[in-house]
Each structure stands twice: as C-alpha cells, then as structure tokens.
Amino acid sequence: MSTNKYGFSTNSVHAGEEPDFREGATGDVVVPIHLSTTFARKQVEIPTAGYEYTRSLNPTRKALETKLAMLENARYGLVFSSGLAAETTVLIALLKSGDHIVAFDDLYGGTKRLFNNVFNEYGIQVSYVDATDAARVEEAIRPETRVVWVETPSNPLLKVCDIRAIAAITRKHELTLVADNTFLSPYFQNPLDLGADIVIHSSTKYIGGHSDVLGGAVLLSDAALYESLQYRQNAVGAVLSPFDSYLTLRGIKTFSLRMEQHQKNAFAIAHFLESHPKVSRVIYPGLESHPQHELSKSQTQGHGGVLSFEIKGTGTEAKNFLESLHLFALAESLGGVESLIELPSAMTHSGIPKELREQIGITDTLIRVSVGIEDVNDLIGDLSQALELSTKH
Ligand code: P1T
C-alpha cells in the first residue's frame with residue numbers, strides 16, 4: 001500500500017527503493033536483484049520477512065510494484081511477464097463463462113486477439129463500440145455485462161474517450177472499468193483519479209522505456225480485487241522475473257525526462273507532417289485538429305509521444321516511404337528512447353480482418369510513429385527524405 005507525499009519525479013527515483021538500514025542490511029540505494037527462487041526460514045510456520053517462493057512474492061518485483069502504484073496514485077500494484085499476461089489475469093479475475101465485455105473498437109490488435117480468439121472460447125462475449133461517445137458504451141451494456149475496457153488514447157488511431165463520463169456509467173451499472181494507460185503512461189494520465197477501477201500497462205513501452213524488457217502492470221485501489229488478482233497471478237504464474245523487474249526499475253528513474261522529450265519531439269513532428277504535401281491527415285491528441293483535443297486536455301497532463309498519419313497515395317507508397325527511412329526503425333512496439341515506425345494494417349493490427357480494420361479507420365496508408373528522444377531535426381530530416389522517395393520507386 002502506498003501514500004503519495006512526493007512528486008512524480010522524486011517517486012520515480014526513490015519509491016519502493018528506500019535504503020534498508022535494518023541490522024545486517026547494507027543500505028543499498030538501488031534495490032538488489034533478488035535472484036533466489038526460494039527463501040529459507042528458521043521456523044516451519046514463519047516465512048522470513050514474508051517471502052516464501054519467488055512466484056508468490058519477490059523483493060525486487062515488490063519494489064517495482066510499490067513504485068508503480070505510487071506513480072499511478074494506486075494503493076496496490078502487480079507486475080507481470082507482459083502486458084498481455086496482465087490483461088489475461090485481470091480477465092480471469094473479473095469474468096466467468098457467459099459474461100460480456102463492452103470494449104473500445106480501437107484497441108491493440110493483441111488485446112482483440114485475446115478477447116476474440118481465446119476468451120471467446122471460454123464463453124466470454126465482446127461488443128466493440130466507438131467509445132469516443134460515452135452514450136454508445138451505455139447502449140451496449142447487457143444484463144450479463146461485467147467489464148468496460150478502454151484504451152485512451154487508443155492504438156493506433158489515438159481516439160480519446162471521456163474516462164470520467166464512462167466511469168459514471170460503469171458506477172451506475174455496477175461494472176468494472178479497465179483503462180489501458182500504456183500510450184500516455186502515468187506521467188501524463190492517471191485513470192484511477194478519473195474514476196477507472198483498474199489501470200493496465202504494457203510496461204514494455206514507456207515504463208521500461210528502452211525497448212529491452214517486456215512486462216505488464218496492473219494498478220488499483222480496491223483491496224478485495226487486489227487479493228483476487230494476486231491469488232490468480234500466483235496460481236497461473238504470470239510474474240515478472242527479478243532481473244526484468246530491476247531493468248524496469250532502472251528505466252523508470254528517468255521517466256519524467258524521457259516523457260517530456262518524447263512529447264516535445266512528437267509536437268514538432270506532428271507540425272512538420274501537418275504541413276507536408278504528401279500527408280493527408282495527422283492524428284495526435286495534442287493538435288487542435290484532433291477531434292478530442294479539448295477532452296484530452298481536460299483529463300491528461302500532456303499528449304504523449306505517439307502519433308499516426310495518413311500518407312497520400314496507395315499502400316505501395318506507404319511501404320516505399322517506410323522502407324526508405326534510415327533513422328526510424330521499422331518495427332512494432334512503442335515507448336522506447338529510439339524512434340519506431342510501423343504500418344498497423346500489415347504489422348500490429350494485421351490480425352484484425354481487413355473489412356473490420358477499414359470500418360474503424362485502420363487503412364493501408366495509416367502509419368504509426370513512436371517518437372523517440374533523438375535530436376528532432378535528425379528525425380524530421382529522415383522523414384522528409386523518405387517522403388520524397390515514397391513516390392520515386
Ligand atoms: O506486448 P505486451 O507487453 O504484452 O503488451 C500488450 C499491449 C497492451 N496494451 C497496449 C495499448 C499495447 O500497445 C500493447 C502492445 N503493443 C504493441 C506491441 C504495439 O506495437 O502496439
């Protein structure tokens with residue numbers, strides 16, 4: 001359980017990692033990597049300092065859970081081997097066969113795959129709605145609905161939904177509101193403060209921040225739900241390893257610095273693309289042209305480092321452009337210090353059938369950019385030369 005007395009940057013550095021001055025301890029300023037899978041005890045019934053077996057509880061993992069809970073203004077945190085492991089554990093804690101989810105129609109492709117191809121086989125139904133209009137969420141609720149699931153901004157169309165308005169609906173109907181906060185990170189948005197019940201992160205992204213460690217996190221303040229999640233996490237074994245917990249803790253120390261630079265670069269690139277003749281549309285919640293720009297300002301402290309845009313022409317021009325870049329890595333994922341770029345229709349969201357993709361706006365010319373922390377002029381120079389080449393192949 002956490003109480004928040006310091007600011008975000010201070011907590012990013014210190015929370016969960018206070019030096020241990022107890023008898024025999026060494027006062028490390030960085031939490032050690034506790035690799036031991038098991039913990040010896042002196043008396044049969046008394047685990048030493050509460051630790052028994054690393055799947056159940058591990059000191060390095062615990063430090064990360066404490067830090068993340070503090071950063072999301074949550075009482076409790078759990079960290080998992082991936083974002084999808086976190087999602088799976090939340091779903092098995094909240095749902096049983098016959099239950100129904102109302103979900104935002106724009107979600108990470110892997111989350112839709114989990115809902116449609118895995119949980120569907122266990123009798124879970126999902127209705128996808130355009131949650132930018134909270135009324136549509138309420139209209140889709142059935143007697144067997146248990147969960148409303150949103151990403152905001154969503155992946156890859158950066159649609160923004162009104163967390164406060166949707167939370168009022170889920171409270172009224174006694175449902176659980178799950179908000180995937182991966183795109184903005186706790187630095188820019190805290191969904192629990194806006195009324196969400198559970199926050200999920202793929203910590204593979206901004207939390208880890210360096211594209212070198214996979215992970216997931218669940219943050220919440222309800223004690224009974226936390227216990228249920230912890231029980232299931234241990235039962236299925238979906239835990240983050242001690243070494244990966246350490247890497248994630250290390251990444252978090254520079255959270256504020258990274259996020260500020262991601263956002264600064266994203267604004268500059270969004271403006272550059274907006275004025276480029278080969279670009280038909282730029283989607284970034286920080287731009288006044290974004291349909292939910294005002295809403296985004298009202299529920300966040302910033303707009304993040306991911307943007308999407310439509311290149312003029314066909315899918316071939318989009319591919320030519322992507323394959324002409326030198327500095328941007330043509331790769332899935334986001335949130336690392338290096339700039340990444342991808343074609344959702346062929347990469348992260350290729351599992352969604354084409355007609356469904358097109359219905360929600362994931363066209364073959366939609367490009368998603370995760371803006372890194374490099375010198376922005378170098379990034380703009382790279383985009384500029386590749387846009388020139390896109391029609392010259
Ligand atoms: O990859 P993993 O750590 O399991 O997290 C899954 C996940 C969950 N939620 C959101 C919003 C995500 O974007 C992701 C993973 N996304 C990508 C790999 C991607 O390129 O979009």
# chains A, B, ... in the order shown; residues from 1 in each chain; ligands from 1
>>> residues_near_ligand(ligand="ligand 1", cutoff="9 Å", atoms="only C-alpha atoms and all ligand atoms", output="number ranges by chain")
A: 80-87, 107-111, 151-156, 180-183, 200-205, 213-216, 331-334, 342, 344, 347-349
>>> write_last_selection(atoms="C-alpha atoms", output="PDB file, in the first residue's frame")
ATOM      1  CA  PHE A  80       3.529  -9.378 -14.946  1.00  0.00           C
ATOM      2  CA  SER A  81       5.681 -11.043 -17.598  1.00  0.00           C
ATOM      3  CA  SER A  82       3.986  -8.967 -20.354  1.00  0.00           C
ATOM      4  CA  GLY A  83       1.101  -6.582 -20.900  1.00  0.00           C
ATOM      5  CA  LEU A  84      -0.967  -9.471 -22.241  1.00  0.00           C
ATOM      6  CA  ALA A  85      -0.217 -11.566 -19.138  1.00  0.00           C
ATOM      7  CA  ALA A  86      -1.544  -8.652 -17.061  1.00  0.00           C
ATOM      8  CA  GLU A  87      -4.670  -8.462 -19.238  1.00  0.00           C
ATOM      9  CA  LEU A 107      -7.563  -1.469 -29.210  1.00  0.00           C
ATOM     10  CA  TYR A 108      -4.121  -3.025 -29.583  1.00  0.00           C
ATOM     11  CA  GLY A 109      -4.502  -5.956 -32.032  1.00  0.00           C
ATOM     12  CA  GLY A 110      -3.177  -8.445 -29.465  1.00  0.00           C
ATOM     13  CA  THR A 111      -5.868  -7.427 -26.976  1.00  0.00           C
ATOM     14  CA  GLU A 151      -7.528   2.408 -24.171  1.00  0.00           C
ATOM     15  CA  THR A 152      -7.189   6.161 -24.266  1.00  0.00           C
ATOM     16  CA  PRO A 153      -5.611   7.333 -26.483  1.00  0.00           C
ATOM     17  CA  SER A 154      -6.312   4.164 -28.445  1.00  0.00           C
ATOM     18  CA  ASN A 155      -3.904   2.091 -30.510  1.00  0.00           C
ATOM     19  CA  PRO A 156      -3.316   3.023 -33.370  1.00  0.00           C
ATOM     20  CA  ASP A 180      -5.187   0.632 -20.567  1.00  0.00           C
ATOM     21  CA  ASN A 181      -2.909   3.624 -19.924  1.00  0.00           C
ATOM     22  CA  THR A 182       0.057   2.370 -21.966  1.00  0.00           C
ATOM     23  CA  PHE A 183       0.064   5.223 -24.502  1.00  0.00           C
ATOM     24  CA  ILE A 200      -3.295  -1.712 -17.098  1.00  0.00           C
ATOM     25  CA  HIS A 201       0.081  -1.041 -18.673  1.00  0.00           C
ATOM     26  CA  SER A 202       2.281  -2.762 -21.131  1.00  0.00           C
ATOM     27  CA  SER A 203       5.439  -1.747 -19.207  1.00  0.00           C
ATOM     28  CA  THR A 204       7.334  -2.908 -22.301  1.00  0.00           C
ATOM     29  CA  LYS A 205       6.602   0.620 -23.566  1.00  0.00           C
ATOM     30  CA  VAL A 213      12.385  -5.520 -21.266  1.00  0.00           C
ATOM     31  CA  LEU A 214       8.915  -6.992 -21.724  1.00  0.00           C
ATOM     32  CA  GLY A 215       6.404  -6.536 -18.913  1.00  0.00           C
ATOM     33  CA  GLY A 216       2.932  -5.617 -17.774  1.00  0.00           C
ATOM     34  CA  ALA A 331       9.350  -2.084 -36.038  1.00  0.00           C
ATOM     35  CA  GLU A 332       6.370  -2.916 -33.847  1.00  0.00           C
ATOM     36  CA  SER A 333       6.185  -1.560 -30.274  1.00  0.00           C
ATOM     37  CA  LEU A 334       6.470   1.974 -28.949  1.00  0.00           C
ATOM     38  CA  GLU A 342       5.152   0.889 -38.467  1.00  0.00           C
ATOM     39  CA  PRO A 344      -0.582  -1.136 -38.426  1.00  0.00           C
ATOM     40  CA  MET A 347       2.047  -5.292 -38.614  1.00  0.00           C
ATOM     41  CA  THR A 348       0.487  -4.647 -35.159  1.00  0.00           C
ATOM     42  CA  HIS A 349      -3.147  -4.869 -36.326  1.00  0.00           C
TER      43      HIS A 349
END
>>> select_by_dssp(residues="region 6-156 of chain A", states="alpha helix (DSSP H)", output="number ranges by chain")
A: 8-14, 59-71, 83-94, 109-113, 134-139
>>> write_last_selection(atoms="C-alpha atoms", output="CSV table (one decimal), in the first residue's frame")
chain,number,residue,atom,x,y,z
A,8,PHE,CA,6.3,12.2,-9.7
A,9,SER,CA,10.0,12.6,-10.4
A,10,THR,CA,11.0,12.0,-6.8
A,11,ASN,CA,8.8,8.9,-6.6
A,12,SER,CA,10.3,7.7,-10.0
A,13,VAL,CA,13.7,7.7,-8.4
A,14,HIS,CA,13.0,6.7,-4.8
A,59,PRO,CA,11.7,-8.4,-3.1
A,60,THR,CA,12.9,-6.9,-6.4
A,61,ARG,CA,9.4,-7.3,-8.0
A,62,LYS,CA,7.8,-5.9,-4.9
A,63,ALA,CA,10.0,-2.7,-5.2
A,64,LEU,CA,8.7,-2.2,-8.7
A,65,GLU,CA,5.1,-2.8,-7.7
A,66,THR,CA,5.4,-0.2,-4.9
A,67,LYS,CA,7.0,2.3,-7.3
A,68,LEU,CA,4.3,1.9,-10.0
A,69,ALA,CA,1.5,2.0,-7.5
A,70,MET,CA,2.8,5.3,-6.3
A,71,LEU,CA,3.2,6.7,-9.8
A,83,GLY,CA,1.1,-6.6,-20.9
A,84,LEU,CA,-1.0,-9.5,-22.2
A,85,ALA,CA,-0.2,-11.6,-19.1
A,86,ALA,CA,-1.5,-8.7,-17.1
A,87,GLU,CA,-4.7,-8.5,-19.2
A,88,THR,CA,-5.3,-12.2,-19.0
A,89,THR,CA,-5.0,-12.2,-15.2
A,90,VAL,CA,-7.5,-9.3,-15.0
A,91,LEU,CA,-9.9,-11.1,-17.3
A,92,ILE,CA,-9.8,-14.3,-15.3
A,93,ALA,CA,-10.4,-12.4,-12.1
A,94,LEU,CA,-13.4,-10.4,-13.4
A,109,GLY,CA,-4.5,-6.0,-32.0
A,110,GLY,CA,-3.2,-8.4,-29.5
A,111,THR,CA,-5.9,-7.4,-27.0
A,112,LYS,CA,-8.6,-8.1,-29.6
A,113,ARG,CA,-6.9,-11.4,-30.4
A,134,ALA,CA,-19.9,7.6,-23.9
A,135,ALA,CA,-23.6,7.1,-24.7
A,136,ARG,CA,-22.6,4.3,-27.1
A,137,VAL,CA,-20.9,2.5,-24.2
A,138,GLU,CA,-24.1,2.7,-22.1
A,139,GLU,CA,-26.2,1.5,-25.1
>>> select_by_dssp(residues="region 7-241 of chain A", states="strand (DSSP E)", output="VMD selection string")
chain A and resid 76 to 80 100 to 104 125 to 129 145 to 151 176 to 180 198 to 202 216 to 220
>>> closest_atom_pairs(of="region 60-162 of chain A", to="region 276-288 of chain A", cutoff="9 Å", atoms="only C-alpha atoms", output="Markdown table")
| residue | atom | partner | partner_atom | distance |
| --- | --- | --- | --- | --- |
| A:Pro153 | CA | A:Pro285 | CA | 7.9 |
| A:Leu157 | CA | A:Ile283 | CA | 7.1 |
| A:Leu158 | CA | A:Tyr284 | CA | 6.7 |
| A:Lys159 | CA | A:Pro285 | CA | 7.9 |
| A:Val160 | CA | A:Pro285 | CA | 7.7 |
>>> write_last_selection(atoms="N, CA and C atoms", output="tab-separated table (two decimals), in the first residue's frame")
chain	number	residue	atom	x	y	z
A	153	PRO	N	-5.25	7.44	-25.08
A	153	PRO	CA	-5.61	7.33	-26.48
A	153	PRO	C	-5.47	5.89	-26.95
A	157	LEU	N	-5.28	4.51	-33.57
A	157	LEU	CA	-5.95	5.71	-34.11
A	157	LEU	C	-5.97	6.89	-33.15
A	158	LEU	N	-5.44	6.69	-31.94
A	158	LEU	CA	-5.33	7.76	-30.94
A	158	LEU	C	-6.67	8.45	-30.68
A	159	LYS	N	-7.73	7.62	-30.65
A	159	LYS	CA	-9.04	8.16	-30.28
A	159	LYS	C	-9.05	8.31	-28.75
A	160	VAL	N	-9.70	9.36	-28.28
A	160	VAL	CA	-9.70	9.63	-26.84
A	160	VAL	C	-11.13	9.46	-26.32
>>> residues_around(residues="Ile198 (chain A)", least_positions_apart="2", cutoff="9 Å", atoms="only C-alpha atoms", output="ChimeraX atom specification")
/A:90,176-180,191-192,196,200,218-222
>>> closest_residue(among="A:Ile362, A:Leu295, A:Leu57, A:Leu249", to="Asp105 (chain A)", atoms="only C-alpha atoms")
A:Ile362
>>> closest_residue(among="A:Ala165, A:Val126, A:Ala223, A:Leu184", to="Ala74 (chain A)", atoms="only C-alpha atoms")
A:Ala223
>>> closest_residue(among="A:Glu358, A:Glu18, A:Asp106, A:Glu310", to="Glu274 (chain A)", atoms="only C-alpha atoms")
A:Glu310
>>> residues_around(residues="region 257-259 of chain A", least_positions_apart="3", cutoff="9 Å", atoms="only C-alpha atoms", output="ChimeraX atom specification")
/A:9,184-185,187-188,206,209,253-254,262-264,304-305,337,372-373
>>> closest_residue(among="A:Arg142, A:Lys172, A:His210, A:Lys297", to="Gly336 (chain A)", atoms="only C-alpha atoms")
A:His210
>>> atom_distance(atom1="CA of Tyr76 (chain A)", atom2="CA of Gln233 (chain A)")
13.9 Å
>>> closest_residue(among="A:Val239, A:Leu229, A:Ile101, A:Leu247", to="Ile33 (chain A)", atoms="only C-alpha atoms")
A:Leu247
>>> closest_residue(among="A:His326, A:Arg55, A:Arg22, A:His293", to="Leu383 (chain A)", atoms="only C-alpha atoms")
A:His326
>>> atom_distance(atom1="CA of Thr316 (chain A)", atom2="CA of Asp378 (chain A)")
24.9 Å
>>> atom_distance(atom1="CA of Val129 (chain A)", atom2="CA of Ala103 (chain A)")
6.3 Å
